[in-house]
$ cat protein-v5.cif   # mmCIF, C-alpha atoms
data_target
loop_
_atom_site.label_atom_id
_atom_site.label_comp_id
_atom_site.auth_asym_id
_atom_site.auth_seq_id
_atom_site.Cartn_x
_atom_site.Cartn_y
_atom_site.Cartn_z
CA MET V 1 7.79 166.86 157.81
CA ASP V 2 9.70 169.62 159.55
CA PHE V 3 13.08 170.18 157.94
CA ASN V 4 13.99 173.45 159.61
CA LEU V 5 17.73 173.51 160.04
CA PRO V 6 19.53 175.72 162.57
CA ASP V 7 21.38 178.72 161.16
CA ALA V 8 24.57 177.15 162.46
CA TRP V 9 24.78 175.01 159.30
CA GLN V 10 25.32 178.16 157.22
CA ALA V 11 27.94 179.56 159.61
CA ARG V 12 31.61 179.93 158.75
CA ARG V 13 34.37 179.31 161.26
CA MET V 14 35.77 182.78 160.59
CA ARG V 15 32.54 184.73 161.01
CA ASN V 16 33.65 188.24 160.08
CA GLU V 17 35.62 188.02 156.87
CA ASN V 18 35.30 191.73 156.19
CA LYS V 19 34.99 191.11 152.45
CA LYS V 20 34.32 194.13 150.28
CA ARG V 21 31.57 192.94 147.93
CA ARG V 22 29.19 195.68 146.84
CA ASN V 23 25.58 194.54 146.29
CA ASP V 24 26.50 190.87 146.66
CA LYS V 25 23.20 188.97 146.33
CA ARG V 26 24.67 185.46 146.30
CA SER V 27 23.62 182.80 148.77
CA VAL V 28 26.09 181.28 151.22
CA TYR V 29 26.51 178.22 149.00
CA GLN V 30 26.90 180.21 145.77
CA ARG V 31 29.81 181.96 147.46
CA ASP V 32 31.26 178.58 148.46
CA ARG V 33 31.01 177.42 144.86
CA ALA V 34 32.92 180.49 143.68
CA ARG V 35 35.67 179.96 146.26
CA ILE V 36 36.19 176.38 145.11
CA LEU V 37 35.95 177.16 141.41
CA HIS V 38 38.55 179.94 141.61
CA SER V 39 40.97 178.11 143.90
CA ALA V 40 44.44 177.02 142.85
CA ALA V 41 43.68 173.53 144.18
CA PHE V 42 40.76 173.20 141.76
CA ARG V 43 42.71 174.53 138.78
CA ARG V 44 45.46 171.99 139.38
CA LEU V 45 42.97 169.19 138.73
CA GLN V 46 43.33 169.97 135.02
CA ALA V 47 46.75 168.25 135.10
CA LYS V 48 46.05 165.42 137.55
CA THR V 49 45.32 161.90 136.38
CA GLN V 50 41.77 160.54 136.53
CA VAL V 51 42.10 157.10 134.91
CA LEU V 52 44.32 157.81 131.89
CA GLY V 53 47.31 160.14 131.84
CA ALA V 54 48.31 162.82 129.37
CA GLU V 55 50.82 160.48 127.77
CA HIS V 56 47.94 158.41 126.36
CA SER V 57 45.91 161.07 124.56
CA ASP V 58 44.67 164.65 124.68
CA PHE V 59 41.13 163.23 124.77
CA TYR V 60 41.37 161.70 128.24
CA ARG V 61 39.40 162.91 131.24
CA THR V 62 41.37 164.69 133.95
CA ARG V 63 40.36 165.13 137.58
CA LEU V 64 39.01 168.54 136.59
CA THR V 65 36.75 167.38 133.74
CA HIS V 66 35.65 164.46 135.91
CA SER V 67 34.70 166.90 138.69
CA LEU V 68 32.68 169.01 136.25
CA GLU V 69 30.81 165.90 135.10
CA VAL V 70 30.17 164.85 138.70
CA SER V 71 28.74 168.33 139.31
CA GLN V 72 26.40 168.02 136.33
CA ILE V 73 25.20 164.60 137.48
CA GLY V 74 24.86 165.71 141.10
CA THR V 75 22.67 168.70 140.26
CA GLY V 76 20.66 166.44 137.96
CA ILE V 77 20.02 164.02 140.82
CA VAL V 78 18.86 166.87 143.06
CA ALA V 79 16.53 168.24 140.38
CA GLN V 80 14.84 164.90 139.74
CA LEU V 81 14.52 164.17 143.48
CA LYS V 82 12.70 167.46 143.99
CA GLU V 83 10.21 166.38 141.32
CA LYS V 84 9.92 162.73 142.34
CA GLN V 85 9.85 163.28 146.12
CA PRO V 86 8.65 166.87 146.62
CA THR V 87 8.28 166.32 150.38
CA PHE V 88 12.05 166.71 150.63
CA ARG V 89 12.42 169.91 148.61
CA ALA V 90 13.12 172.04 151.68
CA LEU V 91 15.84 169.64 152.84
CA LEU V 92 17.57 168.93 149.55
CA PRO V 93 20.74 170.89 148.81
CA SER V 94 20.59 173.95 146.59
CA THR V 95 22.29 173.88 143.21
CA GLY V 96 25.11 175.99 144.65
CA LEU V 97 25.69 173.59 147.51
CA MET V 98 25.66 170.45 145.38
CA GLU V 99 27.99 172.02 142.82
CA SER V 100 30.33 173.01 145.66
CA LEU V 101 30.55 169.44 146.95
CA CYS V 102 31.04 167.89 143.53
CA LEU V 103 33.64 170.40 142.39
CA ALA V 104 35.59 170.02 145.64
CA HIS V 105 35.41 166.27 146.15
CA ASP V 106 38.71 165.42 144.41
CA ILE V 107 40.93 168.42 145.14
CA GLY V 108 42.90 166.49 147.77
CA HIS V 109 44.09 163.83 145.36
CA PRO V 110 47.85 163.86 144.75
CA PRO V 111 49.71 163.55 141.44
CA TYR V 112 49.60 160.18 139.71
CA GLY V 113 46.32 159.15 141.28
CA HIS V 114 46.38 156.05 143.46
CA GLY V 115 50.14 155.64 142.95
CA GLY V 116 50.80 159.06 144.45
CA GLU V 117 48.42 158.34 147.32
CA ILE V 118 50.19 155.06 148.17
CA ALA V 119 53.57 156.81 147.99
CA LEU V 120 52.59 159.60 150.36
CA ASN V 121 50.83 157.22 152.75
CA TYR V 122 54.00 155.15 152.95
CA MET V 123 56.25 158.16 153.50
CA MET V 124 53.83 159.46 156.18
CA ARG V 125 53.41 156.04 157.85
CA GLU V 126 54.72 157.33 161.19
CA GLU V 127 53.13 160.78 160.87
CA GLY V 128 49.41 160.00 160.60
CA GLY V 129 49.33 158.67 157.03
CA PHE V 130 48.00 160.27 153.87
CA GLU V 131 44.60 159.88 152.19
CA GLY V 132 42.96 161.89 149.40
CA ASN V 133 39.64 162.60 151.13
CA ALA V 134 41.41 163.69 154.31
CA GLN V 135 43.59 165.99 152.23
CA THR V 136 40.49 167.52 150.58
CA PHE V 137 39.14 168.43 154.02
CA ARG V 138 42.53 169.84 155.01
CA ILE V 139 42.74 172.00 151.87
CA VAL V 140 39.30 173.57 152.21
CA THR V 141 39.60 174.15 155.99
CA LEU V 142 43.25 175.18 156.27
CA LEU V 143 45.59 175.21 153.27
CA GLU V 144 43.89 177.08 150.41
CA PRO V 145 44.89 180.73 151.08
CA TYR V 146 41.47 182.37 150.78
CA THR V 147 41.79 183.30 154.45
CA GLN V 148 44.87 183.36 156.65
CA TYR V 149 43.96 180.52 159.02
CA HIS V 150 40.77 178.81 157.79
CA GLY V 151 41.39 177.88 154.17
CA MET V 152 38.36 178.61 152.00
CA ASN V 153 36.29 179.17 155.16
CA LEU V 154 33.35 177.27 153.68
CA ALA V 155 29.94 177.01 155.34
CA ARG V 156 29.51 174.25 157.89
CA ARG V 157 26.95 172.30 155.82
CA THR V 158 29.32 172.35 152.85
CA LEU V 159 32.09 170.92 155.01
CA LEU V 160 29.76 168.23 156.36
CA GLY V 161 28.98 167.24 152.78
CA VAL V 162 32.67 167.04 151.86
CA MET V 163 33.33 164.66 154.77
CA LYS V 164 32.96 161.20 153.21
CA TYR V 165 34.60 159.48 156.19
CA PRO V 166 34.17 161.57 159.38
CA ALA V 167 36.19 159.42 161.83
CA LEU V 168 39.84 160.14 162.55
CA ILE V 169 42.35 158.06 160.59
CA SER V 170 43.93 156.77 163.81
CA ALA V 171 40.59 155.19 164.75
CA ALA V 172 39.99 153.81 161.25
CA HIS V 173 43.44 152.24 160.89
CA ASN V 174 43.63 148.48 161.36
CA GLY V 175 46.62 148.83 163.67
CA GLN V 176 48.84 146.65 161.50
CA SER V 177 52.22 148.02 160.42
CA PRO V 178 53.94 146.19 157.55
CA THR V 179 57.72 146.14 157.59
CA PRO V 180 59.10 149.20 155.77
CA VAL V 181 60.95 148.46 152.54
CA THR V 182 64.68 148.94 152.14
CA ASP V 183 64.24 150.04 148.52
CA PHE V 184 61.29 152.09 147.22
CA ARG V 185 61.12 149.88 144.13
CA HIS V 186 60.14 146.92 146.30
CA LEU V 187 57.11 148.59 147.88
CA LYS V 188 53.86 146.70 147.23
CA ALA V 189 50.86 149.00 146.90
CA ARG V 190 48.48 146.50 148.54
CA ASP V 191 50.49 146.68 151.78
CA TRP V 192 50.08 150.44 152.13
CA GLN V 193 46.45 151.15 151.32
CA PRO V 194 45.46 154.24 153.34
CA ALA V 195 42.84 154.29 156.04
CA LYS V 196 40.01 156.66 155.13
CA GLY V 197 39.06 159.48 157.47
CA ILE V 198 40.20 162.84 158.81
CA TYR V 199 43.79 163.46 159.87
CA ASP V 200 44.19 163.55 163.64
CA HIS V 201 46.02 166.84 163.07
CA ASP V 202 42.72 168.30 161.77
CA SER V 203 40.47 166.96 164.54
CA ALA V 204 39.57 170.41 165.90
CA ARG V 205 38.32 171.51 162.48
CA ARG V 206 36.31 168.26 162.16
CA ASP V 207 34.82 168.78 165.61
CA TRP V 208 33.73 172.33 164.72
CA VAL V 209 31.77 170.99 161.73
CA LEU V 210 29.92 168.49 163.94
CA GLU V 211 29.06 170.96 166.73
CA PRO V 212 25.35 171.43 165.79
CA LEU V 213 24.70 167.68 166.14
CA CYS V 214 23.36 166.31 169.40
CA ASP V 215 25.69 163.99 171.32
CA ALA V 216 23.83 160.85 170.23
CA ASP V 217 23.95 161.81 166.55
CA LYS V 218 27.60 162.73 166.78
CA ALA V 219 28.57 159.45 168.41
CA LEU V 220 26.57 157.36 165.91
CA PHE V 221 27.88 159.33 162.91
CA LEU V 222 31.44 158.32 163.85
CA THR V 223 30.74 154.58 164.20
CA PHE V 224 32.22 152.00 161.84
CA ARG V 225 30.66 149.38 159.61
CA ASP V 226 30.16 145.90 160.98
CA ASN V 227 31.84 142.78 159.59
CA GLN V 228 34.90 144.46 158.10
CA PRO V 229 37.17 141.84 156.45
CA ASP V 230 40.18 140.85 158.55
CA GLY V 231 43.20 143.04 157.91
CA GLU V 232 41.29 145.85 156.21
CA HIS V 233 40.99 149.35 157.62
CA ARG V 234 37.62 150.25 159.13
CA LYS V 235 35.20 152.55 157.33
CA THR V 236 32.51 154.71 158.87
CA ARG V 237 28.90 153.63 158.33
CA PHE V 238 27.12 156.92 157.71
CA LYS V 239 27.24 160.02 155.53
CA SER V 240 25.18 163.18 155.35
CA LEU V 241 22.35 163.47 152.83
CA ASP V 242 24.37 165.90 150.72
CA CYS V 243 27.41 163.63 150.75
CA SER V 244 25.33 160.61 149.74
CA ILE V 245 24.12 162.44 146.62
CA MET V 246 27.62 163.62 145.74
CA GLU V 247 29.03 160.13 146.16
CA LEU V 248 26.38 158.62 143.88
CA ALA V 249 27.19 161.26 141.25
CA ASP V 250 30.90 160.42 141.57
CA ASP V 251 30.25 156.69 141.17
CA ILE V 252 28.02 157.22 138.12
CA ALA V 253 30.66 159.43 136.48
CA TYR V 254 33.34 156.82 137.16
CA GLY V 255 31.27 153.87 136.00
CA VAL V 256 29.93 155.47 132.80
CA HIS V 257 32.04 158.41 131.67
CA ASP V 258 35.40 156.74 132.36
CA LEU V 259 34.05 153.78 130.41
CA GLU V 260 33.63 156.10 127.42
CA ASP V 261 37.33 157.03 127.56
CA ALA V 262 38.29 153.37 127.59
CA ILE V 263 36.14 152.50 124.57
CA VAL V 264 37.25 155.46 122.47
CA MET V 265 40.91 154.73 123.12
CA GLY V 266 40.59 151.04 122.37
CA LEU V 267 41.38 149.79 125.86
CA VAL V 268 38.27 147.60 125.91
CA ASN V 269 36.56 145.81 123.05
CA ARG V 270 33.06 144.69 122.19
CA GLU V 271 33.64 141.09 123.28
CA GLN V 272 34.81 142.12 126.74
CA TRP V 273 31.83 144.46 127.11
CA GLN V 274 29.38 141.79 125.97
CA GLU V 275 30.69 139.15 128.33
CA ALA V 276 31.26 141.28 131.44
CA VAL V 277 28.49 143.88 131.19
CA ALA V 278 25.85 143.46 128.46
CA SER V 279 25.09 139.83 129.35
CA VAL V 280 24.64 140.84 133.00
CA LEU V 281 22.44 143.86 132.28
CA ALA V 282 20.28 141.74 129.95
CA GLU V 283 19.11 139.91 133.09
CA CYS V 284 19.47 142.68 135.68
CA GLY V 285 15.79 142.96 136.60
CA ASP V 286 15.15 146.41 135.14
CA PRO V 287 12.66 146.04 132.24
CA TRP V 288 13.87 149.11 130.35
CA LEU V 289 17.55 148.14 130.47
CA GLU V 290 16.84 144.52 129.65
CA SER V 291 14.94 145.50 126.52
CA HIS V 292 17.42 148.17 125.37
CA ILE V 293 20.85 146.78 126.29
CA GLY V 294 21.33 145.22 122.85
CA GLU V 295 20.72 148.53 121.09
CA LEU V 296 22.85 150.42 123.63
CA SER V 297 25.71 147.98 123.10
CA GLU V 298 25.58 148.56 119.34
CA GLN V 299 25.66 152.32 119.90
CA MET V 300 28.45 152.06 122.46
CA PHE V 301 30.82 150.69 119.83
CA GLY V 302 29.34 152.63 116.92
CA PRO V 303 29.91 156.15 115.57
CA PRO V 304 30.74 158.88 118.12
CA TYR V 305 27.27 160.44 118.06
CA GLU V 306 25.66 157.06 118.78
CA ARG V 307 28.13 156.33 121.57
CA LYS V 308 27.31 159.69 123.16
CA ASP V 309 23.61 158.80 123.04
CA ALA V 310 24.27 155.44 124.71
CA ILE V 311 26.43 157.02 127.41
CA GLY V 312 23.71 159.60 128.08
CA ALA V 313 21.07 156.89 128.28
CA LEU V 314 23.04 154.96 130.90
CA VAL V 315 23.66 158.08 132.99
CA ASN V 316 19.99 159.04 132.77
CA THR V 317 18.83 155.54 133.73
CA LEU V 318 20.95 155.60 136.88
CA LEU V 319 20.32 159.25 137.75
CA THR V 320 16.54 158.99 137.57
CA SER V 321 16.55 155.86 139.74
CA VAL V 322 17.98 157.62 142.80
CA GLU V 323 15.61 157.87 145.78
CA ILE V 324 15.65 159.28 149.31
CA ALA V 325 15.02 156.94 152.22
CA PRO V 326 15.55 156.98 156.00
CA THR V 327 18.97 156.22 157.38
CA VAL V 328 18.33 153.16 159.53
CA GLN V 329 20.11 151.05 162.11
CA ASP V 330 18.60 147.78 163.25
CA GLY V 331 15.50 148.57 161.21
CA ALA V 332 14.77 151.92 162.83
CA GLN V 333 15.50 155.51 161.84
CA CYS V 334 18.47 156.43 163.96
CA PHE V 335 19.38 160.14 163.62
CA GLN V 336 17.67 163.26 164.90
CA SER V 337 19.30 165.75 162.51
CA PRO V 338 17.49 165.78 159.13
CA LEU V 339 20.88 166.09 157.39
CA LEU V 340 21.78 162.62 158.70
CA ALA V 341 18.34 161.05 159.07
CA TRP V 342 17.88 160.80 155.28
CA ASN V 343 20.17 159.53 152.53
CA ALA V 344 20.03 159.15 148.77
CA PHE V 345 20.42 155.64 147.41
CA LEU V 346 19.93 153.48 144.32
CA PRO V 347 17.42 150.62 144.58
CA ASP V 348 19.05 147.18 144.67
CA VAL V 349 18.61 146.47 140.95
CA MET V 350 20.17 149.74 139.80
CA ALA V 351 22.86 149.57 142.48
CA GLY V 352 23.82 146.24 140.92
CA VAL V 353 23.91 147.82 137.46
CA LEU V 354 26.24 150.57 138.67
CA GLU V 355 28.46 148.07 140.45
CA THR V 356 28.73 146.04 137.25
CA LEU V 357 29.87 149.12 135.31
CA LYS V 358 32.37 150.17 138.01
CA ARG V 359 33.79 146.64 138.23
CA PHE V 360 34.24 146.57 134.44
CA VAL V 361 36.21 149.84 134.45
CA SER V 362 38.32 148.63 137.35
CA GLU V 363 39.13 145.19 135.96
CA PHE V 364 39.51 145.97 132.26
CA VAL V 365 41.02 149.47 132.48
CA VAL V 366 42.45 150.56 135.83
CA LYS V 367 44.12 147.24 136.72
CA GLN V 368 45.64 146.66 133.30
CA PRO V 369 49.45 146.43 133.39
CA GLU V 370 49.86 149.26 130.87
CA LEU V 371 48.22 151.71 133.28
CA GLN V 372 49.69 150.16 136.40
CA VAL V 373 53.19 150.72 135.01
CA VAL V 374 52.46 154.45 134.75
CA GLU V 375 50.99 154.47 138.26
CA TYR V 376 54.05 152.63 139.57
CA LYS V 377 56.33 155.19 137.93
CA GLY V 378 54.45 158.01 139.64
CA GLN V 379 54.61 156.13 142.95
CA GLN V 380 58.42 155.91 142.72
CA LEU V 381 58.75 159.51 141.63
CA VAL V 382 56.70 160.88 144.54
CA MET V 383 58.58 158.81 147.13
CA GLU V 384 61.94 159.98 145.79
CA LEU V 385 60.81 163.61 145.89
CA PHE V 386 59.55 163.21 149.45
CA ASP V 387 62.81 161.60 150.52
CA ALA V 388 64.78 164.48 149.03
CA PHE V 389 62.71 167.24 150.66
CA ALA V 390 62.70 165.43 154.01
CA SER V 391 66.51 165.32 153.93
CA ASP V 392 66.80 169.12 154.11
CA PRO V 393 63.39 170.86 154.23
CA GLU V 394 64.70 174.25 155.26
CA ARG V 395 66.92 174.34 152.21
CA LEU V 396 64.67 172.79 149.56
CA LEU V 397 61.07 173.72 150.36
CA PRO V 398 59.55 176.76 148.58
CA LYS V 399 59.28 179.89 150.70
CA ASP V 400 55.65 179.54 151.87
CA TYR V 401 56.01 175.86 152.73
CA ARG V 402 59.39 176.47 154.39
CA GLN V 403 57.69 178.96 156.68
CA ASP V 404 55.00 176.38 157.53
CA TRP V 405 57.72 173.83 158.22
CA LEU V 406 59.53 176.22 160.56
CA ILE V 407 56.27 176.92 162.42
CA ALA V 408 55.70 173.17 162.79
CA GLN V 409 59.23 172.77 164.14
CA GLN V 410 58.64 175.51 166.69
CA ALA V 411 55.48 173.68 167.80
CA GLY V 412 57.52 170.54 168.41
CA GLU V 413 56.29 168.72 165.29
CA SER V 414 58.38 166.99 162.64
CA GLY V 415 57.05 169.10 159.77
CA MET V 416 56.55 166.04 157.55
CA ARG V 417 52.88 166.95 157.09
CA VAL V 418 54.03 170.17 155.41
CA ILE V 419 56.09 168.17 152.91
CA ALA V 420 53.05 165.97 152.20
CA ASP V 421 50.94 169.09 151.69
CA TYR V 422 53.45 170.42 149.17
CA LEU V 423 53.92 167.21 147.17
CA SER V 424 50.20 166.37 147.11
CA SER V 425 49.41 169.77 145.64
CA MET V 426 51.57 169.12 142.57
CA THR V 427 50.22 168.22 139.16
CA ASP V 428 51.60 165.16 137.40
CA SER V 429 53.66 167.27 135.01
CA PHE V 430 55.08 169.57 137.71
CA ALA V 431 56.15 166.59 139.83
CA GLN V 432 57.81 164.98 136.82
CA LYS V 433 59.67 168.16 135.85
CA LEU V 434 60.77 168.79 139.44
CA HIS V 435 62.05 165.23 139.68
CA SER V 436 63.99 165.71 136.46
CA THR V 437 65.44 169.01 137.70
CA MET V 438 66.58 167.48 140.98
CA PHE V 439 67.86 164.11 139.82
CA THR V 440 69.09 164.32 136.21
CA ALA V 441 72.12 166.09 134.79
CA ALA V 442 70.14 167.72 131.96
CA SER V 443 68.17 170.15 134.12
CA ASN V 444 65.14 171.97 132.76
CA GLY V 445 65.94 175.07 134.80
CA PRO V 446 64.24 176.35 137.98
CA LEU V 447 60.62 175.61 138.77
CA TYR V 448 58.46 177.92 140.84
CA ALA V 449 55.85 176.59 143.22
CA ILE V 450 52.91 178.94 143.78
CA ARG V 451 50.40 178.17 146.49
#

$ encode --input "protein-v5.cif" --output "C-alpha cells"
Amino acid sequence: MDFNLPDAWQARRMRNENKKRRNDKRSVYQRDRARILHSAAFRRLQAKTQVLGAEHSDFYRTRLTHSLEVSQIGTGIVAQLKEKQPTFRALLPSTGLMESLCLAHDIGHPPYGHGGEIALNYMMREEGGFEGNAQTFRIVTLLEPYTQYHGMNLARRTLLGVMKYPALISAAHNGQSPTPVTDFRHLKARDWQPAKGIYDHDSARRDWVLEPLCDADKALFLTFRDNQPDGEHRKTRFKSLDCSIMELADDIAYGVHDLEDAIVMGLVNREQWQEAVASVLAECGDPWLESHIGELSEQMFGPPYERKDAIGALVNTLLTSVEIAPTVQDGAQCFQSPLLAWNAFLPDVMAGVLETLKRFVSEFVVKQPELQVVEYKGQQLVMELFDAFASDPERLLPKDYRQDWLIAQQAGESGMRVIADYLSSMTDSFAQKLHSTMFTAASNGPLYAIR
C-alpha cells in the first residue's frame, strides 16, 4: 500500500521561526515533543487532579503522571503494531509524534477535574462554552507563549492527532439551554455537561489543520455519530489514526492504572472487584484472561510487587490486542487520506474487557460521594473566582491576561474567554490559595500568575 503523505502534514503555521539551534538533528515531531514537555501548561499537570486529589495521599496519580503513563502505553502500542502489522510501518506515527500526542492530551483540563470543567462551562454558557479537549487545542495553537501568535506552533499532523472532536462546539451542542441558577450552590453538574469539539473562536486554526484533506474527507471527518440519545450533545464519528492510538492508550491508563490507585488507598475491596470485574472477565471470551483472572485477582490484592505484576499483565493484555483496520461507513472504506482511512481498535472481546475496567473505576471510585464532595468544592470555588474576575477584569486580571482582555474588548468581544483561559490554567492548589486570598480575612499574601 502507498502511504506517502504530503509534506504539508509536517508544516507549521508559522513557517519561519528563525530559531537559533546549532546542529539540530531532531525530527519535526521530536521538536514538538520538546515543546510540549518544556511548556508551563504541561508542568502544571503535576498539581491537577486525575482521579484523587492531593488531600488524599502523596501516592496518587496526577494529570502529569497519568500523561507520562499514557505516553508509555501509546509508544508500546505503536511498537507492537509495527511488529504485528508491518504493512503499516510507514504510516504509523514515530515515537516522537506519539509521545507528543500523549503528553499533550490533557493539558487543557482545568483545576479540580470534571468539577472545574462544569464550572467553567456554566460560566461561559453564553460565550461558546468550555471543554477540556477544546482548551488543549487552544493552548497548543494560541496560548502557550512559545511563539507570539501561534502557541507551540506544532506540526500539522501533531495537531490533527490532538483533535479528538474536530467539529465546532456550536454544531455539537444539543441546542438546549437549562435555566441558569440563582445560587452557584444549586447548580447540578448533569445539566451543564459540555459539548465536545473546537471552540468557534478557534475555527480558523482548526481549518488550517484540515487544509491538506480533500473536500469529501473534510466533510465526512466533521460528521456526527448516528442515534445519539435524546438530550445529549452530538459527538463526531471519526478520528485520525494517531488520535485513535492515543485515545486507546488514555483509556487503558484510566481503566488499569487508576484502578491501582483505588486499590492501594482502600477505596475498593476484593469483594467489589470479584463481583464487578473478575466474574465478568472469567467469562469474557479471551482464553488467556479466563484462565489467569483468578491468579491476577489474588495478586491485585496481594503484596505491592505482586499487584504491580498483575497491573502490568492487564496493560500488556490490552496493549498487545490493538489492531489496525479500515475506517468504514456503510461497510466500505470511506476516506482517501491514509491518516483517516485507518484506525487502531481493540477487538470486541478486549474492548469489552477495557469497558468493564473503566466502568468499575467510574462506579466504585469516581462517583463515590467522598470524591464527589471534593469535586463539588472545586466547582464552587472556580465559579466564585470567575464571578469575581468578571466583575472587574481590568483591575483583577494579571498583567498578561489583562492585556489580552483589553485586546478582546477593542475587537468588540466580551473578553470572558480570556478569564476562562486564565482560570483553566490554574493548578488545584493555586486556585484554592487565590480563592482564600480574595475571599477570607486571613490572607496568605499576594500570588503571582506566570504564563

$ resolve_selection --input "protein-v5.cif" --expression "the PyMOL selection byres ((chain V and resi 251) around 12)" --output "PDB file with C-alpha atoms, keeping the file's coordinate frame"
ATOM      1  CA  HIS V  66      35.650 164.460 135.910  1.00  0.00           C
ATOM      2  CA  SER V  67      34.700 166.900 138.690  1.00  0.00           C
ATOM      3  CA  GLU V  69      30.810 165.900 135.100  1.00  0.00           C
ATOM      4  CA  VAL V  70      30.170 164.850 138.700  1.00  0.00           C
ATOM      5  CA  SER V  71      28.740 168.330 139.310  1.00  0.00           C
ATOM      6  CA  ILE V  73      25.200 164.600 137.480  1.00  0.00           C
ATOM      7  CA  GLY V  74      24.860 165.710 141.100  1.00  0.00           C
ATOM      8  CA  CYS V 102      31.040 167.890 143.530  1.00  0.00           C
ATOM      9  CA  HIS V 105      35.410 166.270 146.150  1.00  0.00           C
ATOM     10  CA  SER V 244      25.330 160.610 149.740  1.00  0.00           C
ATOM     11  CA  ILE V 245      24.120 162.440 146.620  1.00  0.00           C
ATOM     12  CA  MET V 246      27.620 163.620 145.740  1.00  0.00           C
ATOM     13  CA  GLU V 247      29.030 160.130 146.160  1.00  0.00           C
ATOM     14  CA  LEU V 248      26.380 158.620 143.880  1.00  0.00           C
ATOM     15  CA  ALA V 249      27.190 161.260 141.250  1.00  0.00           C
ATOM     16  CA  ASP V 250      30.900 160.420 141.570  1.00  0.00           C
ATOM     17  CA  ILE V 252      28.020 157.220 138.120  1.00  0.00           C
ATOM     18  CA  ALA V 253      30.660 159.430 136.480  1.00  0.00           C
ATOM     19  CA  TYR V 254      33.340 156.820 137.160  1.00  0.00           C
ATOM     20  CA  GLY V 255      31.270 153.870 136.000  1.00  0.00           C
ATOM     21  CA  VAL V 256      29.930 155.470 132.800  1.00  0.00           C
ATOM     22  CA  HIS V 257      32.040 158.410 131.670  1.00  0.00           C
ATOM     23  CA  ASP V 258      35.400 156.740 132.360  1.00  0.00           C
ATOM     24  CA  LEU V 259      34.050 153.780 130.410  1.00  0.00           C
ATOM     25  CA  VAL V 315      23.660 158.080 132.990  1.00  0.00           C
ATOM     26  CA  LEU V 318      20.950 155.600 136.880  1.00  0.00           C
ATOM     27  CA  LEU V 319      20.320 159.250 137.750  1.00  0.00           C
ATOM     28  CA  PHE V 345      20.420 155.640 147.410  1.00  0.00           C
ATOM     29  CA  LEU V 346      19.930 153.480 144.320  1.00  0.00           C
ATOM     30  CA  ALA V 351      22.860 149.570 142.480  1.00  0.00           C
ATOM     31  CA  VAL V 353      23.910 147.820 137.460  1.00  0.00           C
ATOM     32  CA  LEU V 354      26.240 150.570 138.670  1.00  0.00           C
ATOM     33  CA  GLU V 355      28.460 148.070 140.450  1.00  0.00           C
ATOM     34  CA  THR V 356      28.730 146.040 137.250  1.00  0.00           C
ATOM     35  CA  LEU V 357      29.870 149.120 135.310  1.00  0.00           C
ATOM     36  CA  LYS V 358      32.370 150.170 138.010  1.00  0.00           C
ATOM     37  CA  ARG V 359      33.790 146.640 138.230  1.00  0.00           C
ATOM     38  CA  VAL V 361      36.210 149.840 134.450  1.00  0.00           C
TER      39      VAL V 361
END

$ residues_around --input "protein-v5.cif" --residues "region 172-183 of chain V" --least-positions-apart "3" --cutoff "9 Å" --atoms "only C-alpha atoms" --output "list in words"
Tyr122, Arg125, Ala167, Leu168, Ile169, His186, Leu187, Asp191, Trp192, Pro194, Ala195, Lys196, Gly197, Phe224, Asp230, Gly231, Glu232, His233, Arg234, Lys235 and Thr236 of chain V

$ closest_residue --input "protein-v5.cif" --among "V:Val349, V:Met98, V:Ala219, V:Met123" --to "Arg157 (chain V)" --atoms "all atoms listed in the file"
V:Met98

$ closest_residue --input "protein-v5.cif" --among "V:Asn16, V:Gln372, V:Ser414, V:Ser362" --to "Ala276 (chain V)" --atoms "only C-alpha atoms"
V:Ser362

$ residues_around --input "protein-v5.cif" --residues "Lys367 (chain V)" --least-positions-apart "4" --cutoff "12 Å" --atoms "all atoms listed in the file" --output "NGL selection string"
:V and (51-52 or 114 or 267 or 359-363 or 371-376)

$ atom_distance --input "protein-v5.cif" --atom1 "CA of Asp2 (chain V)" --atom2 "CA of Ser27 (chain V)"
22.0 Å

$ closest_residue --input "protein-v5.cif" --among "V:Leu81, V:Val264, V:Ile198, V:Cys243" --to "Glu99 (chain V)" --atoms "all atoms listed in the file"
V:Cys243

$ residues_around --input "protein-v5.cif" --residues "Phe335 (chain V)" --least-positions-apart "4" --cutoff "10 Å" --atoms "all atoms listed in the file" --output "ChimeraX atom specification"
/V:213-214,216-218,220-221,326-329,339-342

$ resolve_selection --input "protein-v5.cif" --expression "the PyMOL selection byres ((chain V and resi 430) around 10)" --output "PyMOL selection string"
chain V and resi 47-48+111+423+425-429+431-436+447-449
